[in-house]
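A short worksheet on the structure shown next.
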Amino acid sequence: MKKTVKLALASTLLMGAISANADTLNIQWLGASTLIFEFGDIQIITDPALGVGEKAYRMADPNENFDPSLGPMVKDHRRVQSLPAITPKEWDFVILSHSHEDHFDQVARRDLDKELPIIAPSADKELLTELGFSKQTLLDWGDTWQVSESGFKVTITTLPAFHSENPEVLPLLGAGNGYWLEFVKGDYRKTVYWSGDSFITDSVLEALTPLGKIDLFIPHIGGVGVTGPLGKIAMDANDAMQAIEQLQPERTLPIHHSTYDLFLEPVSVLMDKAVAADVYVDVTAPGAWLMIR
């Protein structure tokens with residue numbers, strides 16, 4: 001079957017709300033690695049990055065040259081895309097891949113309801129407690145968590161995540177999770193592999209193999225770090241294409257691109273490679289909905 005690149009608004013992409021009663025998984029990309037998963041009445045937000053403007057968030061810049069013994073300079077980063085309209089009161093819980101500020105920014109840390117349940121790596125316990133979040137579910141690699149509502153069931157399994165392929169750099173970046181999400185309602189079943197800021201290493205492949213077919217692969221791209229001393233700490237288009245070849249997902253939704261200057265490689269590089277390889281990739285506009293039937 002011929003595969004093509006899907007860009008922005010195809011027939012399965014809708015701007016605005018989608019009925020929560022349909023037996024489908026609906027996904028909205030808000031920019032960066034922030035997604036809304038809507039399945040029945042269950043609404044999940046990932047890696048909430050809610051700041052806007054020239055000072056959207058504050059974080060060290062891995063793209064700048066710096067003395068590794070001193071660390072990178074912490075600075076303000078601007079958001080170059082608008083933030084789509086959101087309704088926080090509808091979210092049932094948050095999933096964090098990790099707590100770097102481009103994934104869990106200062107606005108989210110300050111403004112999210114402190115009783116909103118958060119699923120996060122165990123390494124983030126101290127930060128979440130300090131911020132006042134009282135409903136923490138801390139998961140290590142291989143742990144599983146489940147929620148059900150009105151016959152809609154979501155199962156979340158944590159997977160290894162490696163923010164760099166250089167073992168000397170990994171300790172500097174802290175721990176994170178990838179996630180396998182399974183959405184089930186009656187005979188409907190869809191699987192999602194959300195990589196987090198990870199490369200697809202042998203350890204990741206070993207953890208994924210027993211889980212079976214991937215309906216949707218969500219990789220973080222952007223080629224972050226290639227101009228700094230840490231080296232590449234987010235996949236680029238070549239890495240993403242290799243991952244697609246290895247994993248053979250039904251569909252791929254690349255995120256972690258375009259929203260910030262931090263993301264060095266434009267998503268168009270992946271789009272061009274996908275077209276040349278006749279590979280199916282969904283590239284959506286911020287605020288667009290992707291319907292997985």
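The chains in the structure tokens are called A, B, ... from first to last as shown; in each chain the residues are counted from 1, and the ligands are counted from 1 in the order shown.
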(message) Run DSSP on the backbone and tell me which residues of stretch 108-272 of chain A come out as alpha helix (DSSP H); list them as JSON, numbers by chain.
(response) {"A": [108, 109, 110, 111, 125, 126, 127, 128, 129, 130, 131, 170, 171, 172, 173, 202, 203, 204, 205, 206, 207, 208, 237, 238, 239, 240, 241, 242, 243, 244, 245, 246, 247, 267, 268, 269, 270, 271, 272]}
How close does stretch 104-175 of chain A get to stretch 76-95 of chain A? List, as CSV, each residue of stretch 104-175 of chain A within 8 Å, its nearest atom pair and the distance in Å to one decimal, counting only C-alpha atoms.
```
residue,atom,partner,partner_atom,distance
A:Leu112,CA,A:Pro88,CA,7.8
A:Leu116,CA,A:Phe93,CA,6.0
A:Pro117,CA,A:Phe93,CA,4.8
A:Ile118,CA,A:Val94,CA,4.7
A:Ile119,CA,A:Ile95,CA,4.7
A:Ala120,CA,A:Ile95,CA,6.0
```
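Minimum distance to A:Asp278 across A:Leu290, A:Met241, A:Leu205, A:Leu138 (counting only C-alpha atoms) occurs at A:Met241.
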(request) Considering only C-alpha atoms, state which residue in the set A:Tyr260, A:Ile27, A:Leu172, A:Val279 is at the smallest distance from A:Gly53. (result)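 For A:Gly53, the nearest of the candidates is A:Tyr260.
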(message) Residues within 7 Å of A:Gly225, please, as a list of chain:residue names. Count only C-alpha atoms; anything in the same chain fewer than 5 positions from it doesn't count.
(response) A:Pro62, A:Asn63, A:Leu230, A:Gly231, A:Lys232, A:Ile233
(message) Set the distance at 9 Å and use only C-alpha atoms: which residues neighbour A:Gly151 once local chain neighbours fewer than 6 positions away are removed? I'd like the list as an MDAnalysis selection string.
(response) chainID A and resid 40 184:186
(message) Between A:Val267, A:Ile42, A:Ala274, A:Val224, which residue has the minimum interatomic distance to A:Glu245, considering only C-alpha atoms?
(response)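 Of all the options, A:Ala274 lies closest to A:Glu245.
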(message) Neighbouring residues of A:Asp197 were defined as those with any atom within 7 Å, considering only C-alpha atoms; residues of the same chain fewer than 5 positions away were excluded. Please report them as number ranges by chain.
(response) A: 161, 163, 220, 234
For the selection just defined, write its residues with C-alpha atoms to a file, as a PDB file, in the first residue's frame.
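What follows is the written file result-v5.pdb:
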```pdb
ATOM      1  CA  ALA A 161      14.278   6.681  27.590  1.00  0.00           C
ATOM      2  CA  HIS A 163      18.206  11.565  26.192  1.00  0.00           C
ATOM      3  CA  HIS A 220      10.545  13.922  19.751  1.00  0.00           C
ATOM      4  CA  ALA A 234      17.033  14.933  20.622  1.00  0.00           C
TER       5      ALA A 234
END
```
(request) Calculate how many Å separate atom CA of A:Trp29 from atom CA of A:Pro266, rounding to one decimal. (result)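 We find that atom CA of A:Trp29 and atom CA of A:Pro266 lie 16.5 Å from each other.
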(message) Could you list, as a count of residues only, every residue within 6 Å of stretch 98-105 of chain A, counting only C-alpha atoms and ignoring same-chain residues fewer than 6 positions away?
(response) 6
(message) Can you measure atom CA of A:Asp113 to atom CA of A:Trp180 for me? One decimal in Å is fine.
(response) 25.6 Å
Selection near A:Gly132, 9 Å with only C-alpha atoms, sequence-local residues under 4 positions removed, as an mmCIF file with N, CA, C and O atoms, in the first residue's frame:
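The result, written out as part-v5.cif:
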```cif
data_model
loop_
_atom_site.group_PDB
_atom_site.id
_atom_site.type_symbol
_atom_site.label_atom_id
_atom_site.label_comp_id
_atom_site.auth_asym_id
_atom_site.auth_seq_id
_atom_site.Cartn_x
_atom_site.Cartn_y
_atom_site.Cartn_z
ATOM 1 N N LYS A 114 -2.808 22.241 41.816
ATOM 2 C CA LYS A 114 -1.871 21.397 42.557
ATOM 3 C C LYS A 114 -2.489 20.064 42.959
ATOM 4 O O LYS A 114 -1.772 19.163 43.424
ATOM 5 N N GLU A 115 -3.802 19.912 42.762
ATOM 6 C CA GLU A 115 -4.441 18.620 43.009
ATOM 7 C C GLU A 115 -4.674 17.830 41.724
ATOM 8 O O GLU A 115 -5.285 16.755 41.754
ATOM 9 N N LEU A 127 11.017 17.535 42.999
ATOM 10 C CA LEU A 127 10.541 18.750 42.347
ATOM 11 C C LEU A 127 9.030 18.889 42.504
ATOM 12 O O LEU A 127 8.534 19.967 42.874
ATOM 13 N N LEU A 128 8.284 17.835 42.220
ATOM 14 C CA LEU A 128 6.829 17.909 42.279
ATOM 15 C C LEU A 128 6.343 18.193 43.698
ATOM 16 O O LEU A 128 5.388 18.940 43.901
#
```
(request) To one decimal in Å, tell me the separation between atom CA of A:Ala276 and atom CA of A:Gly196. (result)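 Here the two named atoms are 25.9 Å from each other.
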(message) Restricting the calculation to only C-alpha atoms: of A:Ile36, A:Val283, A:Leu139, A:Leu131, which residue gets closest to A:Arg109?
(response) A:Leu131
(request) Would you mind writing down, as a ChimeraX atom specification, each residue of stretch 17-141 of chain A that DSSP on the backbone assigns to strand (DSSP E)? (result) /A:25-31,34-39,42-46,57-60,74-77,93-95,118-121,136-139
